[in-house]
$ cat model.txt   # compact mmCIF, C-alpha atoms
# COMPACT_ATOMS: atom_id res chain seq x y z
CA MET W 7 12.91 -31.28 -9.72
CA THR W 8 13.08 -31.28 -5.95
CA SER W 9 15.38 -29.62 -3.51
CA PRO W 10 16.98 -31.23 -0.50
CA ASP W 11 14.83 -29.02 1.69
CA ASP W 12 11.69 -30.38 0.11
CA ALA W 13 12.60 -33.90 1.21
CA GLN W 14 12.44 -32.86 4.85
CA PRO W 15 9.08 -33.00 6.66
CA PHE W 16 7.65 -29.51 6.89
CA SER W 17 4.43 -28.02 8.20
CA LEU W 18 3.31 -24.40 8.10
CA ARG W 19 1.97 -24.94 11.60
CA SER W 20 5.53 -25.31 12.87
CA ILE W 21 6.25 -21.65 12.02
CA ALA W 22 2.73 -20.26 12.27
CA VAL W 23 3.04 -18.18 15.45
CA ALA W 24 6.43 -16.63 14.73
CA ALA W 25 5.87 -16.14 11.00
CA PHE W 26 2.22 -15.14 10.81
CA GLY W 27 1.44 -13.77 14.29
CA PRO W 28 3.29 -10.46 13.85
CA THR W 29 1.63 -10.01 10.47
CA LEU W 30 -1.82 -10.46 11.98
CA LEU W 31 -1.03 -7.95 14.72
CA PHE W 32 0.50 -5.43 12.31
CA GLY W 33 -2.62 -5.75 10.13
CA ILE W 34 -4.87 -5.14 13.14
CA GLY W 35 -2.87 -2.03 13.98
CA GLN W 36 -3.21 -0.68 10.45
CA GLY W 37 -6.87 -1.62 10.16
CA ALA W 38 -7.74 0.08 13.43
CA ILE W 39 -6.56 3.49 12.24
CA LEU W 40 -7.53 3.48 8.56
CA PRO W 41 -11.17 4.55 9.08
CA VAL W 42 -10.26 7.44 11.39
CA VAL W 43 -7.22 9.13 9.84
CA ALA W 44 -9.30 11.42 7.63
CA LEU W 45 -11.60 12.21 10.56
CA SER W 46 -8.59 13.11 12.72
CA ALA W 47 -7.27 15.41 10.03
CA ARG W 48 -10.65 17.13 9.75
CA GLU W 49 -10.79 17.64 13.51
CA LEU W 50 -7.37 19.29 13.28
CA GLY W 51 -8.67 21.78 10.73
CA ALA W 52 -7.84 20.12 7.43
CA THR W 53 -10.00 20.59 4.36
CA VAL W 54 -11.52 17.49 2.75
CA ALA W 55 -8.77 17.49 0.11
CA VAL W 56 -6.00 17.79 2.69
CA ALA W 57 -7.60 15.07 4.84
CA ALA W 58 -7.59 12.74 1.81
CA LEU W 59 -3.93 13.63 1.22
CA VAL W 60 -3.03 12.71 4.81
CA VAL W 61 -4.59 9.27 4.28
CA THR W 62 -2.71 8.91 0.98
CA LEU W 63 0.59 9.58 2.78
CA ILE W 64 0.45 6.04 4.20
CA GLY W 65 0.54 4.55 0.72
CA LEU W 66 3.06 7.06 -0.57
CA GLY W 67 5.37 6.45 2.37
CA SER W 68 5.25 2.71 1.68
CA TRP W 69 5.74 3.14 -2.06
CA PHE W 70 8.75 5.42 -1.92
CA PHE W 71 10.41 3.59 0.96
CA ASN W 72 10.36 0.15 -0.72
CA LEU W 73 13.84 0.68 -2.17
CA PRO W 74 15.45 1.96 1.08
CA ALA W 75 13.64 -0.88 2.87
CA SER W 76 15.72 -3.40 0.95
CA LEU W 77 18.89 -1.73 2.25
CA VAL W 78 17.53 -1.64 5.81
CA THR W 79 16.79 -5.36 5.65
CA LEU W 80 20.23 -6.09 4.22
CA ARG W 81 21.89 -4.07 6.99
CA PHE W 82 19.96 -5.33 10.02
CA GLY W 83 18.61 -8.71 8.92
CA GLU W 84 15.01 -9.83 8.65
CA ARG W 85 14.15 -10.30 12.32
CA TRP W 86 15.45 -6.97 13.57
CA SER W 87 13.99 -5.16 10.57
CA ILE W 88 10.57 -6.59 11.41
CA VAL W 89 10.96 -5.67 15.08
CA GLY W 90 12.19 -2.17 14.26
CA ALA W 91 9.39 -1.53 11.77
CA ALA W 92 6.75 -2.51 14.33
CA VAL W 93 8.36 -0.28 16.98
CA ALA W 94 8.57 2.68 14.57
CA ALA W 95 4.94 2.24 13.53
CA GLY W 96 3.87 2.04 17.18
CA LEU W 97 5.69 5.26 18.04
CA ALA W 98 4.16 6.99 15.02
CA LEU W 99 0.67 5.91 16.07
CA ALA W 100 1.30 7.15 19.60
CA ALA W 101 2.24 10.53 18.11
CA ALA W 102 -0.95 10.49 16.04
CA ALA W 103 -3.01 9.70 19.13
CA THR W 104 -1.67 12.83 20.85
CA SER W 105 -1.67 15.08 17.76
CA SER W 106 -4.72 16.97 19.01
CA LEU W 107 -2.61 18.21 21.94
CA ALA W 108 0.29 19.43 19.76
CA PRO W 109 0.59 23.04 18.49
CA ASN W 110 0.99 21.81 14.90
CA GLY W 111 -1.15 18.73 15.24
CA LEU W 112 -1.99 18.36 11.54
CA TRP W 113 1.67 18.33 10.57
CA LEU W 114 2.40 15.80 13.31
CA LEU W 115 -0.41 13.57 12.04
CA ALA W 116 0.89 13.83 8.47
CA VAL W 117 4.43 12.88 9.50
CA ALA W 118 3.10 10.02 11.63
CA MET W 119 1.12 8.56 8.72
CA THR W 120 4.18 8.81 6.48
CA VAL W 121 6.23 6.90 9.05
CA VAL W 122 3.49 4.26 9.31
CA GLY W 123 3.74 3.77 5.55
CA MET W 124 7.54 3.60 5.63
CA SER W 125 7.41 1.09 8.47
CA GLY W 126 4.93 -1.00 6.51
CA ALA W 127 7.38 -1.13 3.59
CA VAL W 128 10.19 -2.46 5.81
CA PHE W 129 7.90 -4.87 7.63
CA GLY W 130 6.41 -6.23 4.40
CA LEU W 131 9.70 -6.70 2.59
CA ALA W 132 11.45 -8.29 5.56
CA ARG W 133 8.65 -10.78 6.26
CA GLN W 134 8.46 -11.72 2.56
CA LYS W 135 12.21 -12.23 2.32
CA TYR W 136 12.26 -14.24 5.53
CA LEU W 137 9.55 -16.66 4.41
CA THR W 138 11.12 -16.98 0.96
CA GLU W 139 14.30 -18.27 2.53
CA ALA W 140 12.86 -20.13 5.52
CA VAL W 141 10.13 -22.16 3.79
CA PRO W 142 10.85 -25.02 1.35
CA VAL W 143 10.02 -24.14 -2.23
CA ALA W 144 7.27 -26.78 -2.41
CA PHE W 145 5.37 -24.83 0.28
CA ARG W 146 6.26 -21.33 -0.88
CA ALA W 147 2.95 -20.28 -2.44
CA ARG W 148 0.97 -21.64 0.50
CA ALA W 149 3.19 -19.78 2.96
CA LEU W 150 3.04 -16.46 1.11
CA SER W 151 -0.67 -16.78 0.34
CA THR W 152 -1.26 -17.40 4.05
CA LEU W 153 0.89 -14.38 4.84
CA GLY W 154 -1.23 -12.21 2.57
CA GLY W 155 -4.45 -13.73 3.91
CA VAL W 156 -3.48 -13.26 7.54
CA ASN W 157 -2.67 -9.61 6.88
CA ARG W 158 -6.12 -9.14 5.32
CA ILE W 159 -7.75 -10.78 8.32
CA GLY W 160 -5.89 -8.37 10.60
CA VAL W 161 -6.97 -5.34 8.56
CA PHE W 162 -10.54 -6.68 8.69
CA ILE W 163 -10.48 -7.10 12.48
CA GLY W 164 -8.75 -3.77 13.16
CA PRO W 165 -11.69 -1.40 12.56
CA PHE W 166 -13.90 -3.37 14.96
CA ALA W 167 -11.22 -3.23 17.68
CA GLY W 168 -10.76 0.48 17.01
CA ALA W 169 -14.50 1.12 17.17
CA ALA W 170 -14.70 -0.64 20.54
CA ALA W 171 -11.85 1.45 21.95
CA MET W 172 -13.39 4.68 20.67
CA GLN W 173 -16.41 4.05 22.89
CA PHE W 174 -14.14 4.81 25.86
CA PHE W 175 -11.31 6.98 24.52
CA ASP W 176 -12.93 8.86 21.63
CA ILE W 177 -11.09 8.94 18.31
CA ALA W 178 -7.67 8.53 19.96
CA GLY W 179 -8.76 5.06 21.08
CA ALA W 180 -8.29 3.70 17.57
CA TYR W 181 -4.68 4.87 17.56
CA TRP W 182 -4.01 3.35 20.97
CA VAL W 183 -5.33 0.02 19.67
CA GLY W 184 -2.78 0.41 16.89
CA VAL W 185 -0.02 1.16 19.40
CA ALA W 186 -0.88 -1.96 21.42
CA ALA W 187 -1.02 -4.14 18.30
CA MET W 188 2.35 -2.85 17.04
CA ALA W 189 3.96 -3.39 20.45
CA ALA W 190 2.66 -6.96 20.52
CA ALA W 191 3.91 -7.50 16.96
CA ALA W 192 7.38 -6.28 17.94
CA LEU W 193 7.53 -8.54 20.99
CA LEU W 194 6.32 -11.59 19.07
CA SER W 195 8.80 -10.87 16.27
CA LEU W 196 11.63 -11.36 18.76
CA THR W 197 10.82 -15.08 18.65
CA ILE W 198 11.57 -15.34 14.93
CA PRO W 199 14.68 -17.52 14.53
CA ASP W 200 17.58 -16.05 12.59
CA LEU W 201 18.23 -17.39 9.11
CA ALA W 202 21.26 -19.58 8.69
CA THR W 203 22.41 -17.88 5.48
CA PRO W 204 22.67 -14.12 5.85
CA ASP W 205 23.13 -11.89 2.80
CA VAL W 206 26.41 -10.41 3.92
CA PRO W 207 29.38 -12.77 3.48
CA SER W 208 31.40 -13.57 6.56
CA GLY W 209 34.46 -12.13 4.91
CA GLY W 210 32.81 -8.74 4.85
CA ASP W 211 33.39 -8.21 1.14
CA GLY W 212 30.96 -5.36 0.74
CA ALA W 213 32.11 -4.71 -2.84
CA SER W 214 30.68 -8.05 -3.91
CA GLN W 215 27.18 -7.16 -2.74
CA PRO W 216 24.72 -6.48 -5.56
CA THR W 217 23.31 -2.96 -5.73
CA LEU W 218 19.78 -1.86 -6.58
CA ARG W 219 21.03 -0.71 -9.97
CA SER W 220 22.91 -3.90 -10.77
CA VAL W 221 19.92 -6.04 -9.79
CA ALA W 222 17.59 -3.86 -11.87
CA VAL W 223 19.85 -4.22 -14.92
CA SER W 224 20.51 -7.95 -14.56
CA HIS W 225 16.78 -8.72 -14.10
CA ALA W 226 15.41 -6.11 -16.50
CA GLY W 227 13.74 -8.84 -18.57
CA VAL W 228 11.68 -9.98 -15.59
CA PHE W 229 10.76 -6.47 -14.48
CA LEU W 230 9.74 -5.37 -17.98
CA SER W 231 7.62 -8.45 -18.66
CA LEU W 232 6.24 -10.13 -15.56
CA GLY W 233 6.65 -6.89 -13.61
CA VAL W 234 4.18 -5.20 -15.96
CA GLY W 235 1.61 -7.88 -15.10
CA ILE W 236 2.21 -7.27 -11.41
CA LEU W 237 1.75 -3.53 -11.89
CA LEU W 238 -1.56 -4.12 -13.71
CA LEU W 239 -2.76 -6.58 -11.05
CA SER W 240 -1.99 -4.11 -8.27
CA ALA W 241 -3.86 -1.34 -10.08
CA LEU W 242 -6.83 -3.69 -10.50
CA ARG W 243 -6.82 -4.61 -6.80
CA SER W 244 -6.66 -1.05 -5.53
CA SER W 245 -9.42 0.10 -7.88
CA ARG W 246 -11.90 -2.41 -6.51
CA GLN W 247 -11.69 -0.77 -3.07
CA VAL W 248 -12.94 2.50 -4.54
CA VAL W 249 -15.44 1.12 -7.03
CA ILE W 250 -17.86 -0.56 -4.62
CA PRO W 251 -18.51 2.52 -2.41
CA LEU W 252 -18.73 4.84 -5.44
CA TRP W 253 -21.19 2.69 -7.38
CA SER W 254 -23.35 2.02 -4.34
CA ASP W 255 -23.57 5.76 -3.82
CA HIS W 256 -24.41 6.17 -7.53
CA LEU W 257 -27.33 3.76 -7.06
CA GLY W 258 -28.58 5.77 -4.08
CA MET W 259 -27.87 3.14 -1.42
CA ASP W 260 -27.44 4.15 2.20
CA ALA W 261 -24.16 3.70 4.06
CA THR W 262 -25.37 0.53 5.78
CA SER W 263 -26.12 -1.24 2.48
CA ALA W 264 -22.80 -0.15 0.98
CA SER W 265 -20.91 -1.35 4.04
CA LEU W 266 -22.70 -4.70 3.97
CA ILE W 267 -21.75 -5.28 0.34
CA TYR W 268 -18.16 -4.25 0.99
CA GLY W 269 -17.95 -6.44 4.09
CA LEU W 270 -19.34 -9.54 2.37
CA SER W 271 -16.91 -9.07 -0.51
CA GLY W 272 -14.09 -8.86 2.02
CA ALA W 273 -15.32 -11.99 3.80
CA ILE W 274 -15.15 -14.03 0.58
CA ASP W 275 -11.70 -12.54 0.02
CA MET W 276 -10.44 -13.98 3.31
CA LEU W 277 -11.82 -17.51 2.88
CA VAL W 278 -9.98 -18.74 -0.21
CA PHE W 279 -6.33 -17.75 0.20
CA TYR W 280 -4.98 -21.12 1.40
CA PRO W 281 -6.60 -23.33 -1.29
CA ALA W 282 -5.29 -20.90 -3.90
CA GLY W 283 -1.76 -21.16 -2.48
CA LYS W 284 -1.98 -24.95 -2.51
CA LEU W 285 -3.10 -24.85 -6.14
CA MET W 286 -0.14 -22.64 -7.07
CA ASP W 287 2.29 -25.00 -5.35
CA ARG W 288 0.89 -28.10 -7.04
CA LYS W 289 -0.15 -26.92 -10.50
CA GLY W 290 1.76 -23.71 -11.16
CA ARG W 291 1.41 -19.98 -10.59
CA GLN W 292 -0.53 -19.32 -13.80
CA TRP W 293 -3.43 -21.46 -12.53
CA VAL W 294 -4.24 -18.63 -10.12
CA ALA W 295 -2.71 -15.60 -11.86
CA ILE W 296 -4.85 -15.85 -14.99
CA PRO W 297 -8.25 -16.77 -13.46
CA SER W 298 -7.98 -14.19 -10.67
CA THR W 299 -7.34 -11.28 -13.03
CA LEU W 300 -10.03 -12.43 -15.46
CA LEU W 301 -12.59 -12.71 -12.64
CA MET W 302 -11.83 -9.28 -11.20
CA GLY W 303 -11.75 -7.69 -14.65
CA THR W 304 -15.07 -9.26 -15.60
CA ALA W 305 -16.67 -8.17 -12.32
CA LEU W 306 -15.56 -4.57 -12.78
CA LEU W 307 -17.01 -4.54 -16.30
CA LEU W 308 -20.28 -5.91 -14.94
CA ILE W 309 -20.67 -3.38 -12.12
CA PRO W 310 -21.79 -0.48 -14.39
CA LEU W 311 -24.54 -2.80 -15.66
CA THR W 312 -25.96 -3.38 -12.17
CA GLY W 313 -28.87 -1.33 -10.93
CA SER W 314 -29.83 -2.93 -7.64
CA PHE W 315 -28.46 -4.13 -4.32
CA THR W 316 -28.49 -7.76 -5.46
CA GLY W 317 -26.68 -7.07 -8.72
CA LEU W 318 -23.94 -5.05 -7.09
CA LEU W 319 -23.61 -7.64 -4.32
CA LEU W 320 -23.10 -10.49 -6.82
CA ALA W 321 -20.51 -8.51 -8.79
CA SER W 322 -18.73 -7.55 -5.56
CA LEU W 323 -18.65 -11.17 -4.39
CA LEU W 324 -17.02 -12.09 -7.70
CA ILE W 325 -14.41 -9.38 -7.13
CA GLY W 326 -13.80 -10.69 -3.61
CA PHE W 327 -13.36 -14.25 -4.84
CA GLY W 328 -10.96 -13.19 -7.61
CA ASN W 329 -8.94 -11.05 -5.23
CA GLY W 330 -8.94 -13.73 -2.55
CA ILE W 331 -7.46 -16.43 -4.77
CA SER W 332 -4.73 -13.99 -5.81
CA SER W 333 -3.65 -13.53 -2.19
CA GLY W 334 0.12 -13.86 -2.01
CA LEU W 335 0.49 -14.03 -5.81
CA VAL W 336 2.65 -10.91 -6.06
CA MET W 337 4.91 -12.09 -3.24
CA THR W 338 5.14 -15.63 -4.62
CA LEU W 339 6.15 -14.54 -8.11
CA GLY W 340 8.64 -12.10 -6.62
CA ALA W 341 10.14 -14.88 -4.52
CA ASP W 342 10.28 -17.26 -7.51
CA PHE W 343 12.31 -14.91 -9.67
CA SER W 344 14.46 -13.33 -6.95
CA PRO W 345 18.15 -14.27 -7.02
CA ASP W 346 19.87 -15.88 -4.04
CA ARG W 347 22.25 -12.92 -3.88
CA GLY W 348 20.55 -9.57 -4.04
CA ARG W 349 17.15 -10.95 -3.07
CA GLY W 350 16.40 -8.00 -0.80
CA GLN W 351 17.21 -5.50 -3.57
CA PHE W 352 15.12 -7.47 -6.08
CA LEU W 353 12.13 -7.61 -3.75
CA GLY W 354 12.44 -3.89 -3.02
CA LEU W 355 12.22 -3.13 -6.74
CA TRP W 356 9.40 -5.67 -7.13
CA ARG W 357 7.34 -4.13 -4.34
CA PHE W 358 8.05 -0.65 -5.72
CA MET W 359 6.42 -1.67 -9.02
CA ALA W 360 3.46 -3.26 -7.24
CA ASP W 361 2.87 -0.17 -5.11
CA ALA W 362 3.11 2.02 -8.22
CA GLY W 363 0.19 0.04 -9.62
CA SER W 364 -1.73 0.36 -6.37
CA THR W 365 -1.35 4.13 -6.55
CA GLY W 366 -2.16 4.32 -10.25
CA GLY W 367 -5.39 2.30 -10.21
CA PRO W 368 -7.57 4.85 -8.39
CA VAL W 369 -5.91 7.64 -10.39
CA LEU W 370 -7.00 5.94 -13.63
CA LEU W 371 -10.55 5.57 -12.31
CA SER W 372 -10.63 9.21 -11.26
CA GLY W 373 -9.24 10.44 -14.59
CA VAL W 374 -11.65 8.48 -16.78
CA THR W 375 -14.58 9.47 -14.56
CA ALA W 376 -13.61 13.13 -14.88
CA LEU W 377 -13.39 12.87 -18.68
CA ALA W 378 -16.46 10.69 -19.22
CA SER W 379 -18.63 9.44 -16.36
CA LEU W 380 -18.55 6.99 -13.48
CA GLY W 381 -19.60 4.01 -15.63
CA PRO W 382 -16.59 4.19 -17.98
CA GLY W 383 -14.42 5.08 -14.98
CA VAL W 384 -15.39 1.81 -13.28
CA SER W 385 -14.92 -0.17 -16.49
CA ALA W 386 -11.42 1.18 -17.20
CA PRO W 387 -9.70 -0.74 -14.36
CA GLY W 388 -11.63 -3.83 -15.47
CA ILE W 389 -9.84 -3.71 -18.81
CA LEU W 390 -6.57 -3.83 -16.87
CA GLY W 391 -7.64 -7.25 -15.57
CA PHE W 392 -7.76 -8.68 -19.09
CA ALA W 393 -4.43 -7.04 -19.91
CA ALA W 394 -2.86 -8.56 -16.79
CA ALA W 395 -4.26 -11.99 -17.65
CA GLY W 396 -2.75 -11.70 -21.13
CA VAL W 397 0.65 -10.80 -19.70
CA PHE W 398 0.58 -13.70 -17.25
CA ALA W 399 -0.59 -16.17 -19.90
CA VAL W 400 2.31 -15.27 -22.19
CA VAL W 401 5.09 -14.54 -19.71
CA ILE W 402 4.79 -17.06 -16.87
CA PRO W 403 5.14 -20.21 -19.03
CA ARG W 404 8.04 -18.69 -20.99
CA LEU W 405 10.14 -17.27 -18.20
CA LYS W 406 12.36 -19.79 -16.47
CA HIS W 407 11.44 -19.83 -12.80
CA ARG W 408 14.34 -19.16 -10.51
CA ARG W 409 13.04 -21.43 -7.80
CA ASN W 410 16.18 -20.94 -5.69
CA TYR W 411 17.39 -24.51 -5.78

$ encode --input "model.txt" --output "structure tokens"
Amino acid sequence: MTSPDDAQPFSLRSIAVAAFGPTLLFGIGQGAILPVVALSARELGATVAVAALVVTLIGLGSWFFNLPASLVTLRFGERWSIVGAAVAAGLALAAAATSSLAPNGLWLLAVAMTVVGMSGAVFGLARQKYLTEAVPVAFRARALSTLGGVNRIGVFIGPFAGAAAMQFFDIAGAYWVGVAAMAAAALLSLTIPDLATPDVPSGGDGASQPTLRSVAVSHAGVFLSLGVGILLLSALRSSRQVVIPLWSDHLGMDATSASLIYGLSGAIDMLVFYPAGKLMDRKGRQWVAIPSTLLMGTALLLIPLTGSFTGLLLASLLIGFGNGISSGLVMTLGADFSPDRGRGQFLGLWRFMADAGSTGGPVLLSGVTALASLGPGVSAPGILGFAAAGVFAVVIPRLKHRRNY
């Protein structure tokens, strides 16, 4: 089955700068500050626990603001939501850069990181919704996989840009890199063309607009089946970021060796997103959903069996490959099952579930480690990979895709 849009010639290159440029810049801005937030909090007098909490506020702000973000996008439209989110994040980073000069600098830093997370929720939802509606369905997975991949590239570049700036401006330099990146993202986002079919009807019949509750009820079957797989996948992804540093430390490796392993895993992650998107478009979403979760789950189960640099490196490369091919998977499945009316509300709920998994993964690892040891703690998220693969194998072929034709 093909749509009229699919019959028209289309190339991702035609929208590359407007669609993916702001995402790259936003990722650079986030990546620049992630390594230094805890250090800033410590310099402002925070304990180690409080410093970790300040870093966590970015994720919590994003998680809890996913639902309001859908209403923001509905009210202001995709383009202005993206622009506004970048501006808000830039202002928050400017506040963080000057927090050492404020009387209550730690509180200012905490609020700034919360706003960065909230801005990320609006930015992420608006860009996903825009591409869902602007790109023909036959190119959807490639577009959203590229979106996810470009964001990862930005987050990868950011720390290097921040490190360079800190040579001249101390720790505040990383935040000013973030400010510059967010400002550039906002300016570039102004070039995004408006969509031809806004959510709000021209007649202004606000009563006919779906609500978060009505969308949750009408799509409960999707959220309680495929949504569970998304939650498990997100928990699996977030756990891998903690596992590699912890196990390298367990093996007695120095920081340089741990960073090298983590960096090589991230490099593999960034190389395979487009072929995976192409495979999803041509063969189906399950061709990536199932292998990616099985690979990451297997790798996490193998890590406790490694006892050397080489063993951990090979397992980490397998994690990077599995995570890389799943780039854009959560967004693509969300787009596939989102309704034409109420898409913003659906995607807000979808992203809320995904972020819940991202928060829960490290918590599971921490809890099992506290009760048993690090080995079982590392293995526990790996089991989630097999559970996610089982959900995808059963649910994706059975659920009727709402491909928005």

$ closest_residue --input "model.txt" --among "W:Ser195, W:Gly258, W:Phe71, W:Val401" --to "W:Val93" --atoms "all atoms listed in the file"
W:Ser195

$ residues_around --input "model.txt" --residues "W:Ile177" --least-positions-apart "2" --cutoff "10 Å" --atoms "all atoms listed in the file" --output "ChimeraX atom specification"
/W:39,42-43,45-46,49,103,168-169,171-175,179-182

$ residues_around --input "model.txt" --residues "W:Gly227" --least-positions-apart "3" --cutoff "12 Å" --atoms "all atoms listed in the file" --output "list in words"
Val221, Ala222, Val223, Ser224, Leu230, Ser231, Leu232, Gly233, Val234, Phe343, Val401, Arg404, Leu405 and Lys406 of chain W

$ atom_distance --input "model.txt" --atom1 "atom CA of W:Ala393" --atom2 "atom CA of W:Ala226"
20.2 Å

$ atom_distance --input "model.txt" --atom1 "atom CA of W:Ile198" --atom2 "atom CA of W:Ala24"
5.3 Å

$ closest_residue --input "model.txt" --among "W:Ala305, W:Leu324, W:Leu238, W:Val143" --to "W:Ser271" --atoms "only C-alpha atoms"
W:Leu324

$ closest_residue --input "model.txt" --among "W:Leu318, W:Leu107, W:Ala94, W:Met188" --to "W:Val121" --atoms "only C-alpha atoms"
W:Ala94

$ atom_distance --input "model.txt" --atom1 "atom CA of W:Val183" --atom2 "atom CA of W:Ala22"
23.0 Å
